[in-house]
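Shown below: run_29.cif, with mmCIF, C-alpha atoms (C1' of nucleotides).
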```cif
data_protein
#
loop_
_atom_site.label_atom_id
_atom_site.label_comp_id
_atom_site.auth_asym_id
_atom_site.auth_seq_id
_atom_site.Cartn_x
_atom_site.Cartn_y
_atom_site.Cartn_z
CA MET A 1 0.00 0.00 0.00
CA GLY A 2 2.82 2.42 0.85
CA GLU A 3 1.84 5.81 2.11
CA THR A 4 -1.80 6.65 2.23
CA THR A 5 -3.04 9.66 0.38
CA ASN A 6 -6.41 11.07 1.06
CA ILE A 7 -8.35 10.71 -2.15
CA PHE A 8 -10.10 13.98 -1.56
CA GLU A 9 -6.85 15.78 -0.98
CA THR A 10 -5.51 14.99 -4.40
CA HIS A 11 -8.84 15.72 -5.85
CA PHE A 12 -8.94 19.07 -4.15
CA ALA A 13 -5.39 20.00 -5.00
CA ASN A 14 -5.54 19.10 -8.67
CA GLN A 15 -8.93 20.55 -9.23
CA GLN A 16 -8.75 23.89 -10.90
CA THR A 17 -11.93 25.89 -10.97
CA VAL A 18 -13.46 28.91 -12.62
CA PHE A 19 -15.40 29.70 -9.47
CA LEU A 20 -14.40 32.20 -6.86
CA ASP A 21 -17.53 31.91 -4.75
CA ARG A 22 -19.84 29.36 -6.17
CA ASN A 23 -22.38 30.17 -3.53
CA ALA A 24 -23.07 33.53 -5.17
CA ILE A 25 -24.83 31.83 -8.07
CA SER A 26 -26.54 29.09 -6.17
CA PRO A 27 -30.33 29.18 -6.29
CA HIS A 28 -30.49 29.95 -2.56
CA PHE A 29 -28.21 32.94 -2.61
CA MET A 30 -29.77 36.11 -1.26
CA PRO A 31 -28.16 39.13 -2.89
CA ASN A 32 -28.37 42.44 -1.12
CA LYS A 33 -28.60 44.45 -4.29
CA PHE A 34 -31.53 44.33 -6.65
CA PRO A 35 -31.00 46.18 -9.88
CA PHE A 36 -34.24 47.31 -11.60
CA ARG A 37 -36.27 46.74 -8.48
CA GLU A 38 -35.58 50.07 -6.79
CA LYS A 39 -39.13 51.21 -7.29
CA GLN A 40 -40.62 48.10 -5.71
CA ILE A 41 -38.18 48.21 -2.80
CA HIS A 42 -39.03 51.82 -2.20
CA GLU A 43 -42.74 51.18 -2.31
CA ILE A 44 -42.63 48.20 0.03
CA SER A 45 -40.44 49.96 2.55
CA GLN A 46 -42.77 52.94 2.37
CA ILE A 47 -45.67 50.72 3.33
CA PHE A 48 -43.73 48.82 5.99
CA SER A 49 -42.47 52.06 7.57
CA THR A 50 -45.93 52.78 8.94
CA ASN A 51 -45.01 50.23 11.58
CA LEU A 52 -42.20 52.48 12.77
CA ASN A 53 -44.87 54.85 14.11
CA GLN A 54 -46.46 51.93 15.91
CA LYS A 55 -49.39 51.80 13.57
CA LYS A 56 -50.70 48.95 11.49
CA SER A 57 -49.32 48.97 8.00
CA ASP A 58 -51.55 48.24 5.03
CA ASN A 59 -51.86 44.75 3.69
CA LEU A 60 -49.97 44.16 0.50
CA PHE A 61 -50.30 41.84 -2.44
CA LEU A 62 -47.40 41.13 -4.78
CA TYR A 63 -47.51 39.19 -7.96
CA GLY A 64 -45.32 38.39 -10.91
CA LYS A 65 -43.83 35.35 -12.57
CA THR A 66 -41.16 33.17 -10.96
CA GLY A 67 -37.68 34.61 -10.84
CA THR A 68 -38.77 38.23 -10.89
CA GLY A 69 -37.51 38.94 -7.40
CA LYS A 70 -40.72 39.04 -5.38
CA THR A 71 -39.53 36.75 -2.65
CA SER A 72 -35.97 38.02 -2.37
CA VAL A 73 -36.98 41.67 -2.38
CA THR A 74 -39.64 41.17 0.25
CA ARG A 75 -37.32 39.19 2.49
CA LEU A 76 -34.64 41.83 2.14
CA VAL A 77 -36.95 44.67 3.11
CA LEU A 78 -38.43 42.67 5.97
CA ARG A 79 -35.01 41.76 7.30
CA GLN A 80 -33.83 45.34 7.20
CA LEU A 81 -36.99 46.56 8.88
CA LEU A 82 -36.57 44.06 11.70
CA GLU A 83 -32.90 44.92 12.08
CA PHE A 84 -33.67 48.60 12.27
CA ALA A 85 -36.55 48.07 14.68
CA GLY A 86 -34.27 45.96 16.86
CA LYS A 87 -31.70 48.72 17.09
CA GLN A 88 -34.31 51.34 17.84
CA ASN A 89 -36.14 49.11 20.29
CA LEU A 90 -39.36 49.38 18.36
CA PRO A 91 -42.03 46.70 18.82
CA ILE A 92 -42.08 45.21 15.34
CA ASN A 93 -42.13 41.52 14.51
CA GLY A 94 -42.40 39.66 11.27
CA THR A 95 -42.34 36.19 9.83
CA TYR A 96 -41.75 34.89 6.36
CA ILE A 97 -43.87 31.84 5.66
CA ASN A 98 -43.79 29.73 2.55
CA CYS A 99 -47.28 28.41 2.10
CA ARG A 100 -46.17 25.46 0.07
CA ASN A 101 -45.17 23.92 3.40
CA HIS A 102 -47.77 25.74 5.47
CA ASN A 103 -50.79 25.34 3.29
CA SER A 104 -53.68 25.91 5.69
CA LYS A 105 -54.92 28.43 8.18
CA TYR A 106 -53.96 26.14 11.01
CA ARG A 107 -50.40 25.63 9.81
CA VAL A 108 -49.83 29.31 9.16
CA LEU A 109 -51.09 30.27 12.60
CA SER A 110 -49.01 27.51 14.19
CA LYS A 111 -45.94 28.92 12.56
CA VAL A 112 -46.75 32.40 13.84
CA VAL A 113 -47.41 31.22 17.37
CA LYS A 114 -44.08 29.42 17.38
CA GLU A 115 -42.37 32.69 16.51
CA LEU A 116 -44.18 34.48 19.28
CA PHE A 117 -43.52 31.83 21.92
CA PRO A 118 -40.32 30.05 20.85
CA GLU A 119 -39.98 28.07 24.08
CA GLU A 120 -43.45 26.64 24.20
CA ASN A 121 -44.82 23.70 22.31
CA PHE A 122 -48.24 23.94 20.74
CA LEU A 123 -48.56 20.56 19.13
CA GLY A 124 -52.06 19.21 19.16
CA TYR A 125 -53.95 22.30 20.20
CA SER A 126 -57.15 23.34 18.48
CA ALA A 127 -57.23 25.99 15.77
CA ALA A 128 -59.25 28.31 18.03
CA PHE A 129 -56.71 27.99 20.83
CA ILE A 130 -53.81 28.76 18.51
CA TYR A 131 -55.60 31.80 17.19
CA ASP A 132 -56.29 33.09 20.70
CA LYS A 133 -52.69 32.50 21.62
CA VAL A 134 -51.50 34.54 18.63
CA MET A 135 -53.81 37.38 19.61
CA ASP A 136 -52.61 37.14 23.17
CA GLY A 137 -48.97 37.26 22.12
CA VAL A 138 -49.40 40.25 19.83
CA ASN A 139 -51.45 42.07 22.44
CA LYS A 140 -49.00 41.53 25.29
CA LYS A 141 -45.99 42.47 23.23
CA LYS A 142 -47.87 45.44 21.80
CA THR A 143 -46.15 44.61 18.58
CA ASN A 144 -46.96 45.31 14.98
CA TYR A 145 -46.76 41.95 13.34
CA LEU A 146 -46.01 41.44 9.65
CA ILE A 147 -46.89 38.09 8.15
CA VAL A 148 -45.41 37.40 4.74
CA LEU A 149 -47.25 34.61 2.95
CA ASP A 150 -45.26 33.42 -0.02
CA GLU A 151 -47.04 31.26 -2.60
CA ILE A 152 -50.24 32.34 -0.92
CA ASP A 153 -52.33 30.60 -3.57
CA LYS A 154 -51.36 27.28 -1.96
CA VAL A 155 -53.39 27.98 1.18
CA LYS A 156 -56.54 25.87 1.06
CA ASP A 157 -58.74 27.93 3.36
CA LEU A 158 -57.30 31.29 2.45
CA ASP A 159 -60.59 33.16 2.85
CA ASP A 160 -60.82 31.96 6.44
CA LEU A 161 -57.21 32.83 7.14
CA VAL A 162 -57.35 36.34 5.71
CA TYR A 163 -60.67 36.99 7.40
CA ALA A 164 -59.31 35.87 10.75
CA LEU A 165 -56.19 37.97 10.43
CA THR A 166 -58.01 41.14 9.36
CA ARG A 167 -60.65 40.72 12.02
CA SER A 168 -57.95 40.30 14.62
CA ASN A 169 -57.11 43.98 14.27
CA ASP A 170 -60.57 44.89 15.58
CA GLU A 171 -60.10 42.68 18.60
CA LEU A 172 -56.60 43.78 19.48
CA GLU A 173 -56.20 46.49 22.06
CA ASN A 174 -52.49 46.78 21.43
CA GLY A 175 -50.45 45.99 18.37
CA SER A 176 -51.60 44.92 14.95
CA VAL A 177 -51.33 42.24 12.29
CA SER A 178 -50.59 42.96 8.64
CA VAL A 179 -50.44 40.51 5.75
CA VAL A 180 -48.18 40.46 2.72
CA GLY A 181 -49.32 38.00 0.08
CA ILE A 182 -47.06 36.82 -2.71
CA SER A 183 -48.21 34.86 -5.72
CA ASN A 184 -46.85 33.96 -9.11
CA ASN A 185 -50.28 33.14 -10.43
CA VAL A 186 -51.62 36.18 -12.22
CA PHE A 187 -55.17 34.90 -12.33
CA PHE A 188 -55.21 33.98 -8.67
CA LYS A 189 -56.37 37.40 -7.52
CA GLU A 190 -59.47 37.26 -9.69
CA ARG A 191 -60.61 34.01 -8.14
CA LEU A 192 -60.57 35.35 -4.60
CA ASP A 193 -63.63 36.04 -2.54
CA PRO A 194 -64.39 39.78 -2.97
CA ARG A 195 -63.97 40.51 0.72
CA THR A 196 -60.68 38.63 0.91
CA LYS A 197 -59.54 40.44 -2.19
CA SER A 198 -60.33 43.90 -0.90
CA SER A 199 -58.64 43.37 2.42
CA LEU A 200 -55.60 41.65 0.99
CA CYS A 201 -55.12 44.07 -1.87
CA GLN A 202 -55.05 47.34 0.02
CA HIS A 203 -51.88 47.79 -1.94
CA GLU A 204 -50.77 45.68 -4.85
CA MET A 205 -47.63 45.58 -6.82
CA ILE A 206 -46.51 43.88 -9.99
CA PHE A 207 -43.06 42.45 -10.58
CA PRO A 208 -42.56 42.38 -14.35
CA PRO A 209 -40.22 39.90 -16.02
CA TYR A 210 -36.72 41.12 -16.76
CA ASN A 211 -35.73 41.87 -20.34
CA ALA A 212 -32.44 40.73 -21.87
CA GLU A 213 -30.64 43.95 -21.06
CA GLU A 214 -31.66 43.84 -17.41
CA LEU A 215 -30.78 40.18 -17.10
CA ASN A 216 -27.42 40.99 -18.57
CA LYS A 217 -26.73 43.53 -15.88
CA ILE A 218 -27.90 41.18 -13.15
CA LEU A 219 -25.74 38.36 -14.43
CA ASP A 220 -22.77 40.68 -14.72
CA GLU A 221 -23.01 41.55 -11.06
CA ARG A 222 -23.45 38.00 -9.94
CA ALA A 223 -20.69 36.73 -12.19
CA GLU A 224 -18.29 39.17 -10.65
CA LEU A 225 -18.94 37.66 -7.25
CA ALA A 226 -19.05 34.08 -8.37
CA PHE A 227 -16.28 33.70 -10.91
CA LYS A 228 -12.59 34.33 -10.79
CA PRO A 229 -11.44 37.37 -12.76
CA LYS A 230 -11.41 36.65 -16.49
CA ALA A 231 -12.83 33.20 -15.88
CA ILE A 232 -15.98 34.00 -17.81
CA GLU A 233 -16.37 35.54 -21.23
CA GLU A 234 -18.58 38.57 -21.61
CA SER A 235 -20.26 36.92 -24.58
CA ALA A 236 -21.14 33.88 -22.50
CA ILE A 237 -23.00 36.11 -20.06
CA ASN A 238 -24.78 37.83 -22.92
CA LEU A 239 -25.83 34.50 -24.29
CA ALA A 240 -27.20 33.27 -20.98
CA ALA A 241 -29.15 36.50 -20.56
CA ALA A 242 -30.55 36.22 -24.06
CA PHE A 243 -31.66 32.63 -23.54
CA ALA A 244 -33.38 33.41 -20.26
CA ALA A 245 -35.04 36.55 -21.60
CA LYS A 246 -36.42 34.66 -24.54
CA GLU A 247 -37.78 31.87 -22.39
CA SER A 248 -39.23 33.62 -19.41
CA GLY A 249 -37.45 36.72 -18.17
CA ASP A 250 -36.65 34.66 -15.12
CA ALA A 251 -33.51 35.64 -13.25
CA ARG A 252 -33.29 32.34 -11.44
CA THR A 253 -32.98 30.25 -14.58
CA ALA A 254 -30.54 32.75 -16.01
CA VAL A 255 -28.33 32.36 -12.97
CA MET A 256 -28.77 28.62 -13.06
CA LEU A 257 -27.53 28.63 -16.63
CA LEU A 258 -24.32 30.33 -15.54
CA LEU A 259 -23.83 27.90 -12.69
CA LYS A 260 -24.20 24.88 -14.95
CA ALA A 261 -21.94 26.45 -17.57
CA GLY A 262 -19.30 26.94 -14.91
CA GLU A 263 -19.63 23.37 -13.75
CA LEU A 264 -19.19 22.15 -17.30
CA ALA A 265 -16.04 24.24 -17.73
CA ASP A 266 -14.66 22.82 -14.49
CA LYS A 267 -15.42 19.31 -15.55
CA LYS A 268 -13.39 19.80 -18.70
CA GLN A 269 -10.73 21.57 -16.66
CA GLU A 270 -10.91 24.67 -18.78
CA THR A 271 -9.85 28.04 -17.50
CA SER A 272 -12.78 30.10 -18.63
CA VAL A 273 -16.49 29.82 -19.29
CA GLN A 274 -17.36 30.35 -22.94
CA ASP A 275 -20.40 30.40 -25.18
CA VAL A 276 -20.18 26.67 -25.80
CA HIS A 277 -20.56 25.96 -22.12
CA VAL A 278 -23.67 28.09 -21.88
CA GLN A 279 -25.13 26.38 -24.91
CA LYS A 280 -24.41 22.97 -23.45
CA ALA A 281 -25.80 24.07 -20.10
CA LYS A 282 -28.99 25.19 -21.77
CA LYS A 283 -29.32 21.86 -23.48
CA LYS A 284 -28.73 20.09 -20.21
CA VAL A 285 -31.34 22.15 -18.40
CA GLU A 286 -33.83 21.42 -21.15
CA GLU A 287 -33.05 17.73 -21.00
CA GLU A 288 -33.56 17.67 -17.28
CA LEU A 289 -36.87 19.39 -17.75
CA ILE A 290 -37.95 16.79 -20.27
CA LEU A 291 -36.85 13.87 -18.11
CA ASN A 292 -38.67 15.40 -15.20
CA MET A 293 -41.76 15.76 -17.30
CA ILE A 294 -41.57 12.18 -18.48
CA ALA A 295 -41.20 10.92 -14.93
CA THR A 296 -44.44 12.58 -13.83
CA LEU A 297 -46.48 11.22 -16.73
CA PRO A 298 -49.18 8.64 -15.98
CA LYS A 299 -48.12 5.06 -16.55
CA HIS A 300 -50.00 4.50 -19.76
CA GLN A 301 -48.77 7.73 -21.25
CA GLN A 302 -45.25 6.52 -20.50
CA LEU A 303 -46.02 3.21 -22.16
CA LEU A 304 -47.35 5.07 -25.16
CA LEU A 305 -44.32 7.28 -25.39
CA HIS A 306 -42.08 4.27 -25.10
CA THR A 307 -43.94 2.65 -27.98
CA ILE A 308 -43.52 5.76 -30.11
CA ALA A 309 -39.81 5.88 -29.31
CA SER A 310 -39.29 2.21 -30.15
CA LEU A 311 -41.26 2.43 -33.36
CA SER A 312 -39.44 5.50 -34.58
CA MET A 313 -36.09 3.85 -33.90
CA HIS A 314 -37.28 0.82 -35.76
CA LYS A 315 -38.35 2.95 -38.69
CA LYS A 316 -35.03 4.67 -38.71
CA SER A 317 -33.13 1.42 -39.07
CA GLN A 318 -35.43 0.41 -41.89
CA GLN A 319 -34.71 3.73 -43.48
CA ARG A 320 -31.03 2.97 -43.53
CA ILE A 321 -31.71 -0.22 -45.44
CA THR A 322 -34.07 1.28 -47.99
CA GLY A 323 -32.04 4.46 -48.22
CA THR A 324 -35.00 6.78 -47.73
CA ILE A 325 -33.91 10.33 -47.11
CA GLU A 326 -36.73 12.19 -45.38
CA GLU A 327 -37.69 11.06 -41.91
CA LEU A 328 -40.81 8.93 -41.88
CA PRO A 329 -43.50 9.80 -39.39
CA LEU A 330 -45.64 7.18 -37.69
CA PHE A 331 -49.33 6.58 -38.32
CA SER A 332 -51.76 7.03 -35.49
CA GLY A 333 -53.27 3.61 -36.06
CA GLU A 334 -50.08 1.64 -36.09
CA ILE A 335 -48.98 3.30 -32.87
CA TYR A 336 -52.20 2.40 -31.12
CA GLU A 337 -52.00 -1.22 -32.18
CA GLU A 338 -48.40 -1.53 -31.01
CA TYR A 339 -49.14 0.29 -27.77
CA ALA A 340 -52.05 -2.03 -27.00
CA LYS A 341 -49.83 -5.03 -27.66
CA ASN A 342 -47.08 -3.70 -25.42
CA ALA A 343 -49.53 -2.90 -22.67
CA ARG A 344 -50.91 -6.42 -22.68
CA ASN A 345 -47.38 -7.76 -22.60
CA VAL A 346 -46.88 -6.13 -19.23
CA LYS A 347 -50.34 -7.26 -18.05
CA GLU A 348 -51.94 -3.87 -18.40
CA GLN A 349 -55.33 -3.20 -19.88
CA PRO A 350 -54.73 -0.70 -22.72
CA VAL A 351 -56.84 2.45 -22.76
CA SER A 352 -59.49 2.83 -25.40
CA ALA A 353 -58.65 4.19 -28.83
CA ARG A 354 -60.57 7.35 -28.04
CA TRP A 355 -58.62 8.00 -24.91
CA TYR A 356 -55.43 7.14 -26.72
CA ARG A 357 -56.15 10.08 -29.04
CA GLU A 358 -56.57 12.25 -26.00
CA TYR A 359 -53.15 11.06 -24.77
CA ILE A 360 -51.62 11.92 -28.11
CA SER A 361 -53.01 15.44 -27.91
CA GLU A 362 -51.58 15.85 -24.44
CA LEU A 363 -48.15 14.62 -25.42
CA GLU A 364 -48.25 17.13 -28.23
CA MET A 365 -49.20 19.90 -25.82
CA PHE A 366 -46.25 18.99 -23.65
CA GLY A 367 -44.08 19.31 -26.73
CA LEU A 368 -42.88 15.72 -26.55
CA ILE A 369 -44.25 14.80 -29.96
CA LEU A 370 -45.17 16.57 -33.18
CA THR A 371 -48.28 15.74 -35.15
CA ALA A 372 -49.56 16.70 -38.56
CA ALA A 373 -52.71 15.95 -40.53
CA SER A 374 -52.25 13.34 -43.22
CA GLY A 375 -52.23 15.06 -46.58
CA HIS A 376 -51.98 13.75 -50.13
CA GLY A 377 -50.70 10.29 -50.78
CA ILE A 378 -52.08 8.80 -47.57
CA ARG A 379 -55.36 7.01 -47.27
CA GLY A 380 -57.96 8.23 -44.85
CA ASN A 381 -57.92 11.05 -42.37
CA THR A 382 -55.26 10.36 -39.77
CA ARG A 383 -52.47 11.99 -37.85
CA LEU A 384 -48.81 11.60 -38.57
CA ILE A 385 -46.76 11.49 -35.43
CA ARG A 386 -43.11 12.09 -34.71
CA LEU A 387 -41.02 12.45 -31.57
CA SER A 388 -39.69 15.93 -30.85
CA PHE A 389 -36.56 14.64 -29.18
CA ASP A 390 -34.01 11.94 -29.60
CA ALA A 391 -35.81 8.61 -29.55
CA LYS A 392 -32.96 6.72 -27.96
CA LYS A 393 -32.66 9.11 -25.03
CA ILE A 394 -36.37 9.11 -24.36
CA LYS A 395 -36.52 5.34 -24.58
CA GLU A 396 -33.64 4.94 -22.15
CA ALA A 397 -35.14 7.42 -19.73
CA LEU A 398 -38.44 5.57 -19.77
CA GLU A 399 -36.85 2.20 -19.29
CA LYS A 400 -35.01 3.51 -16.26
CA GLN A 401 -38.35 4.78 -15.04
CA PHE A 402 -39.99 1.38 -15.48
CA GLU A 403 -37.20 -0.32 -13.55
CA ASN A 404 -37.80 1.85 -10.54
CA ALA A 405 -41.52 1.22 -10.61
"C1'" DC B 1 -69.46 10.42 -58.38
"C1'" DC B 2 -70.04 7.23 -54.88
"C1'" DT B 3 -68.25 4.26 -51.46
"C1'" DC B 4 -65.04 2.78 -48.23
"C1'" DC B 5 -61.33 3.46 -45.21
"C1'" DA B 6 -59.06 5.16 -41.18
"C1'" DC B 7 -59.30 7.80 -38.42
"C1'" DA B 8 -60.65 12.79 -35.58
"C1'" DG B 9 -63.02 14.52 -31.99
"C1'" DG B 10 -67.83 15.73 -29.71
"C1'" DA B 11 -71.46 13.98 -26.29
"C1'" DA B 12 -73.08 11.21 -22.75
"C1'" DG B 13 -72.44 8.54 -19.08
"C1'" DC B 14 -70.01 5.60 -15.54
"C1'" DG B 15 -67.19 4.55 -11.35
"C1'" DC B 16 -64.39 6.36 -8.11
"C1'" DA B 17 -61.72 9.40 -4.72
"C1'" DG B 18 -61.76 13.15 -2.06
"C1'" DG B 19 -63.76 17.52 -0.31
"C1'" DA B 20 -67.89 19.98 1.45
"C1'" DG B 21 -71.75 20.10 4.24
"C1'" DT B 22 -74.23 18.66 8.35
"C1'" DA C 1 -68.91 10.17 11.41
"C1'" DC C 2 -72.07 10.30 8.03
"C1'" DT C 3 -73.91 11.34 3.44
"C1'" DC C 4 -73.80 14.18 -0.57
"C1'" DC C 5 -71.62 16.28 -4.28
"C1'" DT C 6 -68.27 17.20 -7.55
"C1'" DG C 7 -64.37 16.65 -10.56
"C1'" DC C 8 -61.59 13.41 -13.00
"C1'" DG C 9 -60.18 9.66 -15.84
"C1'" DC C 10 -62.07 6.82 -18.77
"C1'" DT C 11 -65.34 4.03 -22.03
"C1'" DT C 12 -69.01 3.77 -25.40
"C1'" DC C 13 -71.28 5.54 -29.08
"C1'" DC C 14 -71.55 8.52 -32.64
"C1'" DT C 15 -71.03 11.91 -36.43
"C1'" DG C 16 -67.62 14.28 -39.36
"C1'" DT C 17 -63.73 14.58 -42.62
"C1'" DG C 18 -60.41 13.98 -46.34
"C1'" DG C 19 -58.35 11.13 -49.54
"C1'" DA C 20 -58.09 6.44 -52.26
"C1'" DG C 21 -60.05 3.52 -55.29
"C1'" DG C 22 -63.46 1.61 -58.24
#
```

Just give me the structure of the file as structure tokens.
Amino acid sequence: MGETTNIFETHFANQQTVFLDRNAISPHFMPNKFPFREKQIHEISQIFSTNLNQKKSDNLFLYGKTGTGKTSVTRLVLRQLLEFAGKQNLPINGTYINCRNHNSKYRVLSKVVKELFPEENFLGYSAAFIYDKVMDGVNKKKTNYLIVLDEIDKVKDLDDLVYALTRSNDELENGSVSVVGISNNVFFKERLDPRTKSSLCQHEMIFPPYNAEELNKILDERAELAFKPKAIEESAINLAAAFAAKESGDARTAVMLLLKAGELADKKQETSVQDVHVQKAKKKVEEELILNMIATLPKHQQLLLHTIASLSMHKKSQQRITGTIEELPLFSGEIYEEYAKNARNVKEQPVSARWYREYISELEMFGLILTAASGHGIRGNTRLIRLSFDAKKIKEALEKQFENA
DNA sequence: CCTCCACAGGAAGCGCAGGAGT
DNA sequence: ACTCCTGCGCTTCCTGTGGAGG
């Protein structure tokens, strides 16, 4: 054996990296600067500052697509408010709650009560008791309490919750409770009960998507923190910004693109991140999205997709023999027959032909396949079907999926 | 031109799980 | 805890459509 070398040590020593602080482009990183959100920051802090005069601040509703900075901006302003209040000894409290994990009135109130009484345990108490306890806590502390409800559309009994929280202000002798709702569903507001809507939307604010130029600036700033000097090409940043702007205007995916590009450069032990890496990263992200999508498909839709993948590979090999040039699409009928056969092979009752057509439409909507109406030269009125992505990759992904099931 | 083929996609209805109402 | 209701996934049945072939 000789002398022992720590395998990680060599790994660490030999590994050269383009990153300076990889954390700065991780999805969880909380920047303290938000370019192009000055107006929103100003407006929110304006509203929050009412609390500094020991008065209840207005409720607030924020919406905009994912990656537009709603959450980060709100958390930043809240944190600074609490810091300032702490220094000045002002009675202000606040909690950020993600409603994906706290998706009911009871869970939200439990979270609040835990903040108010950190030492006590409230497991198993009734909803009414928890509510009273929250009121009691706010009243005794004479505090102005800010509750930030992120992904507020996930709360099942939201009308109840908002009603309870607004009503609480009438019951409180001291202190107050204000609500900040955040949602990325634009239509969510319209579906609310009118009373809930009017109390929640005392103020509302929109976070628009970023355009390419803005994303560019944002990425520039982050890249400076995250990458070593000269370890990333300007054009690579431009490219990542352009991709993200075209897709969604989402800063998170733009940043993610840079992170993946950096990882790819590291893997190849290259000294700088270039356009190629961003392109590859984009492809990788897309692939992951597709695989994710495939994994969540119902079983029979997976079987169907697997059939389509197998058949199109089969056709391709035939093509090589006959020397046909253009890619042959599959006929709707032949796919159904083959699918039904495959389903029975694995002891599954195939879905009806009608429902199969519905599946085909869905797969098309997801962008996994392409369909076209049969034109001249083909008998009957049918659909011609082709895979949108590499058949082999999709087939492999599905087979892995079946193994796990 | 008519008929047949090979489907597309609408309408109705069925069984079931899960939420609302009491 | 109970029923009632509703939405969902699906089947059955049906009418519509566009080209091939006689």

query: If you apply the PyMOL selection byres ((chain A) within 6 of (chain C)) to this file, what residues do you get, as a list in words?
result: Arg379, Gly380 and Asn381 of chain A

Need to verify the contact set: region 166-178 of chain A, 12 Å, all atoms listed in the file, exclusion of same-chain residues closer than 4 positions in sequence. Can you return it as a compact mmCIF listing (two decimals) with C-alpha atoms, keeping the file's coordinate frame?
```
# COMPACT_ATOMS: atom_id res chain seq x y z
CA ILE A 47 -45.67 50.72 3.33
CA PHE A 48 -43.73 48.82 5.99
CA THR A 50 -45.93 52.78 8.94
CA ASN A 51 -45.01 50.23 11.58
CA LEU A 52 -42.20 52.48 12.77
CA ASN A 53 -44.87 54.85 14.11
CA GLN A 54 -46.46 51.93 15.91
CA LYS A 55 -49.39 51.80 13.57
CA LYS A 56 -50.70 48.95 11.49
CA SER A 57 -49.32 48.97 8.00
CA ASP A 58 -51.55 48.24 5.03
CA ASN A 59 -51.86 44.75 3.69
CA LEU A 60 -49.97 44.16 0.50
CA PHE A 61 -50.30 41.84 -2.44
CA LEU A 90 -39.36 49.38 18.36
CA PRO A 91 -42.03 46.70 18.82
CA ILE A 92 -42.08 45.21 15.34
CA ASN A 93 -42.13 41.52 14.51
CA GLY A 94 -42.40 39.66 11.27
CA THR A 95 -42.34 36.19 9.83
CA LEU A 109 -51.09 30.27 12.60
CA VAL A 112 -46.75 32.40 13.84
CA TYR A 131 -55.60 31.80 17.19
CA ASP A 132 -56.29 33.09 20.70
CA LYS A 133 -52.69 32.50 21.62
CA VAL A 134 -51.50 34.54 18.63
CA MET A 135 -53.81 37.38 19.61
CA ASP A 136 -52.61 37.14 23.17
CA GLY A 137 -48.97 37.26 22.12
CA VAL A 138 -49.40 40.25 19.83
CA ASN A 139 -51.45 42.07 22.44
CA LYS A 140 -49.00 41.53 25.29
CA LYS A 141 -45.99 42.47 23.23
CA LYS A 142 -47.87 45.44 21.80
CA THR A 143 -46.15 44.61 18.58
CA ASN A 144 -46.96 45.31 14.98
CA TYR A 145 -46.76 41.95 13.34
CA LEU A 146 -46.01 41.44 9.65
CA ILE A 147 -46.89 38.09 8.15
CA VAL A 148 -45.41 37.40 4.74
CA LEU A 149 -47.25 34.61 2.95
CA ASP A 159 -60.59 33.16 2.85
CA ASP A 160 -60.82 31.96 6.44
CA LEU A 161 -57.21 32.83 7.14
CA VAL A 162 -57.35 36.34 5.71
CA ARG A 195 -63.97 40.51 0.72
CA THR A 196 -60.68 38.63 0.91
CA LYS A 197 -59.54 40.44 -2.19
CA SER A 198 -60.33 43.90 -0.90
CA SER A 199 -58.64 43.37 2.42
CA LEU A 200 -55.60 41.65 0.99
CA CYS A 201 -55.12 44.07 -1.87
CA GLN A 202 -55.05 47.34 0.02
CA HIS A 203 -51.88 47.79 -1.94
```

Output as a list in words the set of chain A residues within 12 Å of chain B, with distances taken over only C-alpha atoms (C1' of nucleotides).
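Per the criterion, chain A yields Lys156, Phe331, Ser332, Gly333, Glu334, Tyr336, Ala353, Arg354, Trp355, Tyr356, Arg357, Glu358, Ile360, Ser361, Ala373, Ser374, Ile378, Arg379, Gly380, Asn381, Thr382, Arg383 and Leu384 of chain A.
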
Would you list the residues near (-39.8, 52.5, 2.5) (no more than 12 Å away, in the coordinates of the file, using only C-alpha atoms (C1' of nucleotides)) as a PDB file with C-alpha atoms, keeping the file's coordinate frame?
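Done, and the output landed in result12.pdb:
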```pdb
ATOM      1  CA  GLU A  38     -35.580  50.070  -6.790  1.00  0.00           C
ATOM      2  CA  LYS A  39     -39.130  51.210  -7.290  1.00  0.00           C
ATOM      3  CA  GLN A  40     -40.620  48.100  -5.710  1.00  0.00           C
ATOM      4  CA  ILE A  41     -38.180  48.210  -2.800  1.00  0.00           C
ATOM      5  CA  HIS A  42     -39.030  51.820  -2.200  1.00  0.00           C
ATOM      6  CA  GLU A  43     -42.740  51.180  -2.310  1.00  0.00           C
ATOM      7  CA  ILE A  44     -42.630  48.200   0.030  1.00  0.00           C
ATOM      8  CA  SER A  45     -40.440  49.960   2.550  1.00  0.00           C
ATOM      9  CA  GLN A  46     -42.770  52.940   2.370  1.00  0.00           C
ATOM     10  CA  ILE A  47     -45.670  50.720   3.330  1.00  0.00           C
ATOM     11  CA  PHE A  48     -43.730  48.820   5.990  1.00  0.00           C
ATOM     12  CA  SER A  49     -42.470  52.060   7.570  1.00  0.00           C
ATOM     13  CA  THR A  50     -45.930  52.780   8.940  1.00  0.00           C
ATOM     14  CA  ASN A  51     -45.010  50.230  11.580  1.00  0.00           C
ATOM     15  CA  LEU A  52     -42.200  52.480  12.770  1.00  0.00           C
ATOM     16  CA  SER A  57     -49.320  48.970   8.000  1.00  0.00           C
ATOM     17  CA  THR A  74     -39.640  41.170   0.250  1.00  0.00           C
ATOM     18  CA  LEU A  76     -34.640  41.830   2.140  1.00  0.00           C
ATOM     19  CA  VAL A  77     -36.950  44.670   3.110  1.00  0.00           C
ATOM     20  CA  LEU A  78     -38.430  42.670   5.970  1.00  0.00           C
ATOM     21  CA  GLN A  80     -33.830  45.340   7.200  1.00  0.00           C
ATOM     22  CA  LEU A  81     -36.990  46.560   8.880  1.00  0.00           C
TER      23      LEU A  81
END
```
